$ cat entry_10.txt   # compact mmCIF, C-alpha atoms
# COMPACT_ATOMS: atom_id res chain seq x y z
CA MET Q 4 0.00 0.00 0.00
CA SER Q 5 3.04 2.26 0.25
CA ASN Q 6 2.87 2.90 -3.51
CA LEU Q 7 -0.76 3.98 -3.49
CA PRO Q 8 -1.60 7.64 -4.17
CA HIS Q 9 -2.25 9.67 -1.02
CA ASP Q 10 -6.00 10.21 -1.64
CA ILE Q 11 -6.62 6.54 -2.43
CA LEU Q 12 -4.81 5.46 0.74
CA ILE Q 13 -6.93 7.86 2.80
CA ASP Q 14 -10.10 6.53 1.17
CA ILE Q 15 -9.17 2.91 2.01
CA LEU Q 16 -8.06 3.57 5.58
CA SER Q 17 -11.07 5.75 6.40
CA ARG Q 18 -13.35 2.75 5.85
CA LEU Q 19 -11.57 0.55 8.41
CA PRO Q 20 -12.56 0.05 12.06
CA ALA Q 21 -11.14 2.61 14.49
CA LYS Q 22 -9.49 -0.12 16.56
CA SER Q 23 -7.53 -1.36 13.53
CA LEU Q 24 -6.44 2.17 12.70
CA GLY Q 25 -5.04 2.57 16.18
CA GLN Q 26 -2.79 -0.42 15.49
CA PHE Q 27 -1.83 0.83 12.01
CA LYS Q 28 -0.36 4.00 13.50
CA SER Q 29 2.76 1.99 14.30
CA VAL Q 30 3.35 1.02 10.64
CA SER Q 31 5.33 4.18 9.89
CA LYS Q 32 5.67 7.85 10.81
CA TYR Q 33 3.76 8.70 7.65
CA TRP Q 34 0.81 6.49 8.58
CA TYR Q 35 0.86 7.82 12.14
CA SER Q 36 0.72 11.39 10.86
CA LEU Q 37 -2.01 10.59 8.34
CA ILE Q 38 -4.30 8.70 10.74
CA SER Q 39 -3.80 11.34 13.47
CA SER Q 40 -4.63 14.29 11.21
CA PRO Q 41 -7.85 16.24 11.88
CA ARG Q 42 -8.90 15.83 8.24
CA PHE Q 43 -8.65 12.04 8.41
CA ILE Q 44 -10.37 11.80 11.81
CA LYS Q 45 -13.26 13.92 10.53
CA LEU Q 46 -13.62 11.76 7.40
CA HIS Q 47 -13.51 8.52 9.39
CA HIS Q 48 -16.00 9.91 11.91
CA ARG Q 49 -18.45 10.84 9.17
CA ARG Q 50 -18.18 7.46 7.48
CA ALA Q 51 -18.53 5.52 10.72
CA LEU Q 52 -21.79 7.35 11.46
CA SER Q 53 -23.24 6.84 7.97
CA ASP Q 54 -22.03 3.29 7.23
CA THR Q 55 -25.03 0.94 7.20
CA ASN Q 56 -23.10 -2.14 6.11
CA THR Q 57 -20.60 -2.37 8.98
CA ASN Q 58 -21.41 -2.22 12.66
CA HIS Q 59 -19.30 0.46 14.35
CA SER Q 60 -21.47 0.62 17.49
CA ARG Q 61 -20.67 -0.97 20.82
CA VAL Q 62 -22.49 -1.30 24.15
CA LEU Q 63 -20.50 -0.04 27.11
CA ILE Q 64 -21.47 -1.93 30.27
CA MET Q 65 -20.39 -0.40 33.55
CA SER Q 66 -20.81 -1.99 36.99
CA THR Q 67 -19.24 -1.28 40.37
CA HIS Q 68 -16.03 -3.19 39.72
CA SER Q 69 -15.83 -3.64 35.95
CA LEU Q 70 -16.18 -1.92 32.59
CA HIS Q 71 -16.68 -3.77 29.30
CA SER Q 72 -17.21 -2.94 25.64
CA VAL Q 73 -19.49 -5.41 23.83
CA ASN Q 74 -19.74 -5.94 20.08
CA TYR Q 75 -23.35 -7.11 19.96
CA GLU Q 76 -23.06 -8.21 16.32
CA SER Q 77 -20.40 -10.80 17.18
CA PRO Q 78 -21.78 -14.30 17.89
CA SER Q 79 -19.08 -14.72 20.54
CA CYS Q 80 -20.75 -12.27 22.94
CA TYR Q 81 -23.68 -14.66 23.49
CA GLU Q 82 -23.92 -17.54 25.95
CA GLY Q 83 -22.87 -20.94 24.67
CA ILE Q 84 -20.71 -19.65 21.82
CA ASP Q 85 -16.90 -19.62 21.77
CA ASP Q 86 -14.89 -18.98 18.61
CA ASP Q 87 -11.83 -17.13 17.35
CA ASP Q 88 -13.56 -13.76 17.75
CA ASN Q 89 -14.19 -14.30 21.45
CA LEU Q 90 -11.49 -11.85 22.58
CA ASN Q 91 -12.83 -9.06 20.38
CA ALA Q 92 -16.51 -9.59 21.22
CA ILE Q 93 -16.25 -8.50 24.86
CA ILE Q 94 -13.33 -6.28 25.85
CA SER Q 95 -12.45 -5.37 29.43
CA LEU Q 96 -11.55 -1.68 29.82
CA ASN Q 97 -9.79 0.27 32.53
CA ASP Q 98 -12.09 2.63 34.40
CA PRO Q 99 -11.21 6.21 33.33
CA LEU Q 100 -12.68 7.54 36.57
CA GLU Q 101 -9.97 5.83 38.63
CA LYS Q 102 -7.26 7.63 36.66
CA GLU Q 103 -8.86 10.99 37.34
CA SER Q 104 -9.83 10.14 40.95
CA VAL Q 105 -13.45 11.18 40.51
CA GLY Q 106 -16.65 9.31 41.38
CA GLU Q 107 -19.38 8.76 38.79
CA LYS Q 108 -23.09 9.20 39.42
CA ALA Q 109 -24.49 9.18 35.86
CA LEU Q 110 -23.28 8.59 32.32
CA GLY Q 111 -24.35 9.26 28.77
CA SER Q 112 -22.95 9.26 25.25
CA CYS Q 113 -23.01 10.89 21.85
CA TYR Q 114 -21.53 9.00 18.91
CA GLY Q 115 -17.85 8.33 19.71
CA LEU Q 116 -17.69 10.02 23.12
CA VAL Q 117 -18.94 8.91 26.52
CA PHE Q 118 -19.41 11.40 29.35
CA PHE Q 119 -19.56 10.88 33.09
CA VAL Q 120 -21.32 13.32 35.41
CA CYS Q 121 -19.44 13.03 38.68
CA TYR Q 122 -19.91 14.29 42.18
CA ASN Q 123 -19.25 18.00 42.77
CA ASP Q 124 -20.54 18.63 39.22
CA VAL Q 125 -17.35 17.39 37.58
CA ILE Q 126 -17.77 16.16 33.98
CA LEU Q 127 -15.39 13.69 32.38
CA LEU Q 128 -15.31 13.04 28.62
CA TRP Q 129 -13.88 9.77 27.33
CA ASN Q 130 -13.34 8.03 24.01
CA PRO Q 131 -13.47 4.29 24.86
CA THR Q 132 -11.79 3.41 21.55
CA THR Q 133 -8.69 5.58 21.93
CA ARG Q 134 -8.88 5.64 25.77
CA THR Q 135 -8.42 9.43 25.73
CA THR Q 136 -10.00 11.38 28.62
CA ARG Q 137 -10.69 15.03 29.30
CA LEU Q 138 -11.92 16.70 32.47
CA ILE Q 139 -14.17 19.63 31.58
CA PRO Q 140 -13.33 22.72 33.64
CA ASP Q 141 -15.87 24.17 36.03
CA PRO Q 142 -18.28 26.68 34.48
CA ILE Q 143 -17.70 30.35 35.14
CA THR Q 144 -21.04 30.71 36.92
CA PRO Q 145 -22.02 27.94 39.37
CA PHE Q 146 -25.63 26.82 39.62
CA SER Q 147 -27.68 27.26 42.75
CA ASN Q 148 -29.44 24.36 44.45
CA ALA Q 149 -31.74 23.71 41.52
CA THR Q 150 -32.52 20.59 39.52
CA ARG Q 151 -29.65 19.92 37.11
CA PHE Q 152 -29.60 17.99 33.86
CA TYR Q 153 -26.97 17.27 31.24
CA GLY Q 154 -26.45 16.16 27.67
CA LEU Q 155 -23.85 15.86 24.91
CA GLY Q 156 -24.61 16.71 21.30
CA TYR Q 157 -22.86 17.08 17.96
CA ASP Q 158 -23.22 19.96 15.50
CA HIS Q 159 -22.52 18.58 12.02
CA SER Q 160 -22.38 22.06 10.47
CA ILE Q 161 -19.25 23.03 12.43
CA ASP Q 162 -17.96 19.54 13.33
CA ASP Q 163 -18.03 20.23 17.07
CA TYR Q 164 -19.35 18.45 20.14
CA THR Q 165 -21.31 20.49 22.68
CA MET Q 166 -21.77 19.66 26.35
CA VAL Q 167 -24.96 21.10 27.87
CA ARG Q 168 -25.37 21.74 31.57
CA ALA Q 169 -28.74 23.14 32.62
CA SER Q 170 -30.86 23.74 35.70
CA ARG Q 171 -34.53 24.34 36.32
CA SER Q 172 -35.40 26.81 39.01
CA ILE Q 173 -37.64 25.36 41.71
CA SER Q 174 -39.29 28.74 42.30
CA SER Q 175 -39.87 29.75 38.67
CA ASP Q 176 -40.25 28.40 35.16
CA ALA Q 177 -36.76 29.47 34.11
CA ILE Q 178 -34.24 27.04 32.63
CA THR Q 179 -30.70 28.35 32.96
CA SER Q 180 -28.14 26.64 30.75
CA GLN Q 181 -24.49 26.70 29.81
CA VAL Q 182 -22.81 25.09 26.81
CA PHE Q 183 -19.23 23.89 26.49
CA SER Q 184 -17.56 23.66 23.08
CA LEU Q 185 -14.89 20.98 22.73
CA LYS Q 186 -13.11 23.06 20.09
CA THR Q 187 -12.95 26.33 22.03
CA GLY Q 188 -12.57 24.65 25.42
CA SER Q 189 -14.83 27.17 27.14
CA TRP Q 190 -18.29 27.55 28.66
CA ARG Q 191 -20.93 30.05 27.53
CA THR Q 192 -24.17 30.98 29.29
CA ILE Q 193 -27.13 31.18 26.92
CA LYS Q 194 -30.46 32.92 27.24
CA ASP Q 195 -32.88 31.52 29.82
CA ALA Q 196 -35.86 29.54 28.57
CA HIS Q 197 -39.21 29.80 30.35
CA MET Q 198 -41.23 26.58 30.25
CA ASN Q 199 -43.89 25.14 32.55
CA ILE Q 200 -42.30 21.76 33.18
CA ASN Q 201 -41.32 19.53 36.04
CA ASP Q 202 -37.87 17.99 36.56
CA PRO Q 203 -36.28 16.51 33.40
CA ASP Q 204 -34.29 13.29 33.47
CA GLU Q 205 -30.72 13.93 34.58
CA ILE Q 206 -29.12 12.63 31.36
CA GLY Q 207 -30.37 13.48 27.88
CA SER Q 208 -30.07 11.48 24.65
CA PHE Q 209 -28.91 12.88 21.32
CA SER Q 210 -30.94 12.36 18.14
CA ASN Q 211 -31.54 14.41 14.99
CA GLY Q 212 -29.35 17.32 16.01
CA ALA Q 213 -30.90 17.78 19.46
CA ILE Q 214 -30.58 16.48 23.02
CA HIS Q 215 -33.79 15.10 24.54
CA TRP Q 216 -35.04 14.60 28.09
CA ILE Q 217 -38.32 13.08 29.34
CA VAL Q 218 -40.19 15.47 31.67
CA ARG Q 219 -43.60 15.94 33.23
CA HIS Q 220 -45.58 19.16 33.10
CA ARG Q 221 -46.08 21.05 36.33
CA ALA Q 222 -49.66 21.98 37.08
CA HIS Q 223 -50.32 25.65 37.82
CA ASN Q 224 -51.61 24.84 41.31
CA GLY Q 225 -48.16 23.55 42.26
CA GLY Q 226 -49.05 19.88 42.01
CA PHE Q 227 -48.13 17.39 39.32
CA ASN Q 228 -50.34 16.05 36.60
CA LYS Q 229 -50.02 13.02 34.34
CA SER Q 230 -49.29 14.97 31.15
CA GLU Q 231 -45.76 14.24 29.97
CA THR Q 232 -43.57 15.74 27.28
CA ILE Q 233 -40.08 15.72 25.79
CA LEU Q 234 -37.75 18.64 26.37
CA SER Q 235 -35.30 19.09 23.48
CA PHE Q 236 -32.26 21.30 23.01
CA ASP Q 237 -31.17 22.07 19.45
CA VAL Q 238 -27.37 22.16 19.61
CA LYS Q 239 -27.05 24.33 16.49
CA ASP Q 240 -29.69 26.95 17.30
CA GLU Q 241 -29.11 26.63 21.08
CA ARG Q 242 -32.76 26.75 22.07
CA PHE Q 243 -35.14 24.59 24.07
CA LEU Q 244 -38.36 23.22 22.59
CA GLU Q 245 -41.07 20.77 23.60
CA ILE Q 246 -42.02 17.69 21.60
CA ARG Q 247 -45.37 16.05 22.30
CA LEU Q 248 -45.36 12.38 23.15
CA PRO Q 249 -47.54 9.83 21.32
CA ASN Q 250 -51.02 9.22 22.57
CA SER Q 251 -52.75 5.86 22.24
CA GLY Q 252 -55.36 6.25 24.96
CA GLU Q 253 -53.58 3.72 27.19
CA PHE Q 254 -51.60 6.10 29.38
CA GLU Q 255 -53.84 6.34 32.42
CA ASN Q 256 -52.22 3.66 34.59
CA GLU Q 257 -50.62 5.32 37.62
CA GLU Q 258 -47.94 2.60 37.68
CA SER Q 259 -46.75 3.31 34.15
CA GLY Q 260 -45.66 6.11 31.89
CA PHE Q 261 -42.97 7.24 29.48
CA TRP Q 262 -39.62 6.70 31.10
CA SER Q 263 -36.95 6.66 28.41
CA VAL Q 264 -35.97 8.54 25.26
CA GLY Q 265 -33.19 7.80 22.80
CA ASP Q 266 -32.10 7.18 19.23
CA LEU Q 267 -32.77 4.02 17.24
CA LYS Q 268 -31.26 3.96 13.75
CA GLY Q 269 -31.44 7.73 13.44
CA CYS Q 270 -35.00 8.07 14.73
CA LEU Q 271 -36.14 9.51 18.05
CA TYR Q 272 -37.79 6.86 20.21
CA VAL Q 273 -39.59 6.75 23.55
CA VAL Q 274 -40.42 3.84 25.80
CA TYR Q 275 -43.73 3.42 27.57
CA GLY Q 276 -43.88 0.95 30.45
CA GLY Q 277 -43.42 0.44 34.17
CA ASP Q 278 -43.16 -2.21 36.86
CA GLY Q 279 -45.32 -5.12 35.77
CA VAL Q 280 -46.41 -3.27 32.61
CA ASP Q 281 -45.68 -4.35 29.04
CA MET Q 282 -43.11 -2.26 27.18
CA ASP Q 283 -44.05 -0.28 24.08
CA VAL Q 284 -41.40 1.35 21.89
CA TRP Q 285 -42.61 4.32 19.85
CA VAL Q 286 -40.53 5.80 17.03
CA MET Q 287 -40.92 9.25 15.48
CA LYS Q 288 -40.39 8.30 11.84
CA GLU Q 289 -40.25 11.93 10.67
CA TYR Q 290 -38.47 14.07 13.22
CA GLY Q 291 -40.56 16.94 14.57
CA VAL Q 292 -43.80 15.63 13.01
CA GLU Q 293 -46.01 14.49 15.88
CA ARG Q 294 -48.36 12.45 13.71
CA SER Q 295 -45.38 10.30 12.61
CA TRP Q 296 -45.15 8.57 16.01
CA SER Q 297 -45.54 4.83 15.43
CA LYS Q 298 -45.49 1.90 17.83
CA VAL Q 299 -42.83 -0.46 16.45
CA ILE Q 300 -42.34 -2.93 19.29
CA LYS Q 301 -44.53 -4.32 22.02
CA LEU Q 302 -42.92 -6.70 24.50
CA ASP Q 303 -44.88 -8.40 27.25
CA TRP Q 304 -43.49 -9.89 30.42
CA ILE Q 305 -44.40 -13.40 29.37
CA ARG Q 306 -42.17 -13.29 26.28
CA VAL Q 307 -39.11 -11.81 28.04
CA PRO Q 308 -37.62 -13.10 31.35
CA CYS Q 309 -37.89 -9.88 33.36
CA ASP Q 310 -38.73 -9.07 37.00
CA TYR Q 311 -38.68 -5.27 37.24
CA GLY Q 312 -38.15 -3.50 33.94
CA MET Q 313 -36.84 -3.78 30.40
CA MET Q 314 -35.25 -1.17 28.19
CA PRO Q 315 -34.34 -1.23 24.48
CA VAL Q 316 -30.62 -0.66 23.98
CA CYS Q 317 -30.25 -0.68 20.18
CA PHE Q 318 -31.35 -2.38 16.98
CA THR Q 319 -29.00 -4.79 15.22
CA HIS Q 320 -28.39 -4.85 11.47
CA GLY Q 321 -30.82 -7.77 11.28
CA ASP Q 322 -33.51 -5.69 13.03
CA ASP Q 323 -33.33 -7.71 16.22
CA VAL Q 324 -33.46 -5.54 19.33
CA VAL Q 325 -30.95 -5.65 22.19
CA ILE Q 326 -32.81 -5.30 25.50
CA ASP Q 327 -31.59 -4.57 29.00
CA LEU Q 328 -33.40 -6.63 31.66
CA ASP Q 329 -33.55 -5.28 35.21
CA SER Q 330 -30.13 -3.56 34.78
CA TRP Q 331 -28.75 -7.07 35.24
CA ASP Q 332 -28.83 -8.94 31.91
CA LEU Q 333 -28.77 -8.14 28.21
CA VAL Q 334 -30.61 -10.21 25.61
CA ARG Q 335 -30.96 -10.05 21.85
CA PHE Q 336 -34.62 -10.46 20.95
CA ASN Q 337 -35.84 -11.61 17.53
CA ILE Q 338 -39.20 -9.93 17.09
CA LYS Q 339 -40.39 -12.03 14.15
CA GLU Q 340 -39.52 -15.41 15.66
CA ASN Q 341 -40.33 -14.38 19.24
CA THR Q 342 -37.02 -15.80 20.51
CA TYR Q 343 -34.07 -14.40 22.40
CA LYS Q 344 -30.47 -15.23 23.25
CA ARG Q 345 -28.68 -14.01 26.33
CA PHE Q 346 -25.41 -12.09 26.41
CA LYS Q 347 -22.51 -13.50 28.36
CA LYS Q 348 -22.48 -11.96 31.82
CA CYS Q 349 -19.74 -9.37 32.21
CA SER Q 350 -20.07 -9.01 35.98
CA THR Q 351 -22.04 -10.25 38.97
CA ASP Q 352 -23.37 -6.80 39.81
CA TRP Q 353 -26.01 -4.34 38.63
CA HIS Q 354 -24.92 -2.31 35.63
CA PHE Q 355 -25.39 0.85 33.63
CA TRP Q 356 -25.00 0.95 29.86
CA VAL Q 357 -24.62 3.35 26.96
CA VAL Q 358 -24.20 2.81 23.23
CA TYR Q 359 -21.26 4.48 21.51
CA THR Q 360 -19.62 4.48 18.07
CA GLU Q 361 -16.02 3.41 17.62
CA THR Q 362 -14.29 6.49 16.20
CA LEU Q 363 -10.99 8.34 16.53
CA VAL Q 364 -12.65 11.60 17.58
CA SER Q 365 -10.82 13.38 20.39
CA PRO Q 366 -12.48 14.72 23.57
CA PHE Q 367 -10.34 17.81 22.95
CA GLY Q 368 -12.15 18.62 19.69
$ encode --input "entry_10.txt" --output "structure tokens"
Amino acid sequence: MSNLPHDILIDILSRLPAKSLGQFKSVSKYWYSLISSPRFIKLHHRRALSDTNTNHSRVLIMSTHSLHSVNYESPSCYEGIDDDDNLNAIISLNDPLEKESVGEKALGSCYGLVFFVCYNDVILLWNPTTRTTRLIPDPITPFSNATRFYGLGYDHSIDDYTMVRASRSISSDAITSQVFSLKTGSWRTIKDAHMNINDPDEIGSFSNGAIHWIVRHRAHNGGFNKSETILSFDVKDERFLEIRLPNSGEFENEESGFWSVGDLKGCLYVVYGGDGVDMDVWVMKEYGVERSWSKVIKLDWIRVPCDYGMMPVCFTHGDDVVIDLDSWDLVRFNIKENTYKRFKKCSTDWHFWVVYTETLVSPFG
């Protein structure tokens, strides 16, 4: 490949997995320089996000004493299967929080980066593929004792990741927010938004250019009603909006409700369910168009071995769905055949999970 023209070499390498590229850096100084260049990283990042033929996504499973990256498309990650790919199917990772001596209380992700919200409002960014970490500096203006929520988004127009840190005032309808640009390395306070909502989820999910949180409306008499909504933050326009949830006439059970939002194959999705309640997955097939909400999956407790709750993690290339059960097990469920296979257990403890994309993108922008 040393005789190939520069542009052809870039085109070939940019289609390879990020993990392989990390190894290829040692081939020569020229390859190291090429693969490390911002132009190449941007090209590889764009192709990894748009490639529908190769799976670049992984599930990061974090428990008290372990951290693992799982390639859910590899047969070796499932119980009862051992083959030559076994070592690449489930990879044990060093905990980045131990290196930085901070304690995690919540985590989220956006494409190739994972973020940890730690105690004392510390935020740690991490690329699990390159193992690069970055502690985000404290904002200029600290928040008061208000409800706080966070999210990480990506602005394609300027090729920059944005960390959002926001708070909702308990005494008013104001949402105060600050954004951190990975490229500039600084925080900015943006204009307050005034919305009649209750507390959003602590961690938002990125989809279609915006970060999304499930919230409940606050009634004007100070109490809480059953009407729920999605709070979104457009990372390009830097403004908050509300998105109405689907309505099927089944949402009157006090033990159930909408309790998750995320991205499935580029579409915004929400999960309706609860303890002892069947799980419905709704997808907004045309982003921003409320009438495009469609129920795509319904899972009942008889079909899936679950005690407390189930959550969709991601869709596979074969349109199976990976499901988290009770924050304890992961299974791959075949909707058409009504069958499932269980993932190999990574730990003997409860876990958290996020989905990320293997890329070379740096937490430093």
$ atom_distance --input "entry_10.txt" --atom1 "CA of Val284 in chain Q" --atom2 "CA of Cys349 in chain Q"
26.3 Å
$ residues_around --input "entry_10.txt" --residues "range 327-339 of chain Q" --least-positions-apart "3" --cutoff "9 Å" --atoms "all atoms listed in the file" --output "tab-separated table (two decimals) with C-alpha atoms, in the coordinates of the input"
chain	number	residue	atom	x	y	z
Q	75	TYR	CA	-23.35	-7.11	19.96
Q	81	TYR	CA	-23.68	-14.66	23.49
Q	300	ILE	CA	-42.34	-2.93	19.29
Q	302	LEU	CA	-42.92	-6.70	24.50
Q	307	VAL	CA	-39.11	-11.81	28.04
Q	308	PRO	CA	-37.62	-13.10	31.35
Q	309	CYS	CA	-37.89	-9.88	33.36
Q	310	ASP	CA	-38.73	-9.07	37.00
Q	311	TYR	CA	-38.68	-5.27	37.24
Q	312	GLY	CA	-38.15	-3.50	33.94
Q	313	MET	CA	-36.84	-3.78	30.40
Q	314	MET	CA	-35.25	-1.17	28.19
Q	315	PRO	CA	-34.34	-1.23	24.48
Q	316	VAL	CA	-30.62	-0.66	23.98
Q	319	THR	CA	-29.00	-4.79	15.22
Q	321	GLY	CA	-30.82	-7.77	11.28
Q	322	ASP	CA	-33.51	-5.69	13.03
Q	323	ASP	CA	-33.33	-7.71	16.22
Q	324	VAL	CA	-33.46	-5.54	19.33
Q	342	THR	CA	-37.02	-15.80	20.51
Q	343	TYR	CA	-34.07	-14.40	22.40
Q	344	LYS	CA	-30.47	-15.23	23.25
Q	345	ARG	CA	-28.68	-14.01	26.33
Q	346	PHE	CA	-25.41	-12.09	26.41
Q	347	LYS	CA	-22.51	-13.50	28.36
Q	348	LYS	CA	-22.48	-11.96	31.82
Q	350	SER	CA	-20.07	-9.01	35.98
Q	351	THR	CA	-22.04	-10.25	38.97
Q	352	ASP	CA	-23.37	-6.80	39.81
Q	353	TRP	CA	-26.01	-4.34	38.63
Q	354	HIS	CA	-24.92	-2.31	35.63
Q	355	PHE	CA	-25.39	0.85	33.63
Q	356	TRP	CA	-25.00	0.95	29.86
$ closest_residue --input "entry_10.txt" --among "Q:Leu12, Q:Leu267, Q:Ala169, Q:Val120" --to "His320 in chain Q" --atoms "all atoms listed in the file"
Q:Leu267
$ residues_around --input "entry_10.txt" --residues "Met198 in chain Q" --least-positions-apart "6" --cutoff "10 Å" --atoms "only C-alpha atoms" --output "PyMOL selection string"
chain Q and resi 171+175-178+220-221+234+243-245
$ atom_distance --input "entry_10.txt" --atom1 "CA of Val273 in chain Q" --atom2 "CA of Ser174 in chain Q"
28.9 Å
$ closest_residue --input "entry_10.txt" --among "Q:Met166, Q:Cys270, Q:Ile38, Q:Ile94" --to "Ala21 in chain Q" --atoms "all atoms listed in the file"
Q:Ile38
$ closest_residue --input "entry_10.txt" --among "Q:Glu361, Q:Ala51, Q:Tyr164, Q:Ser95" --to "Ser69 in chain Q" --atoms "all atoms listed in the file"
Q:Ser95
$ atom_distance --input "entry_10.txt" --atom1 "CA of Tyr157 in chain Q" --atom2 "CA of Lys194 in chain Q"
19.9 Å
$ residues_near_point --input "entry_10.txt" --point "(-28.3, 28.8, 32.2)" --cutoff "10 Å" --atoms "all atoms listed in the file" --output "PyMOL selection string"
chain Q and resi 144-146+167-171+177-182+191-196
$ residues_around --input "entry_10.txt" --residues "Arg49 in chain Q" --least-positions-apart "4" --cutoff "10 Å" --atoms "only C-alpha atoms" --output "MDAnalysis selection string"
chainID Q and resid 17 43:45 53:54 159 162 362
$ residues_around --input "entry_10.txt" --residues "Asn97 in chain Q" --least-positions-apart "2" --cutoff "9 Å" --atoms "only C-alpha atoms" --output "number ranges by chain"
Q: 69-71, 95, 99-102, 134
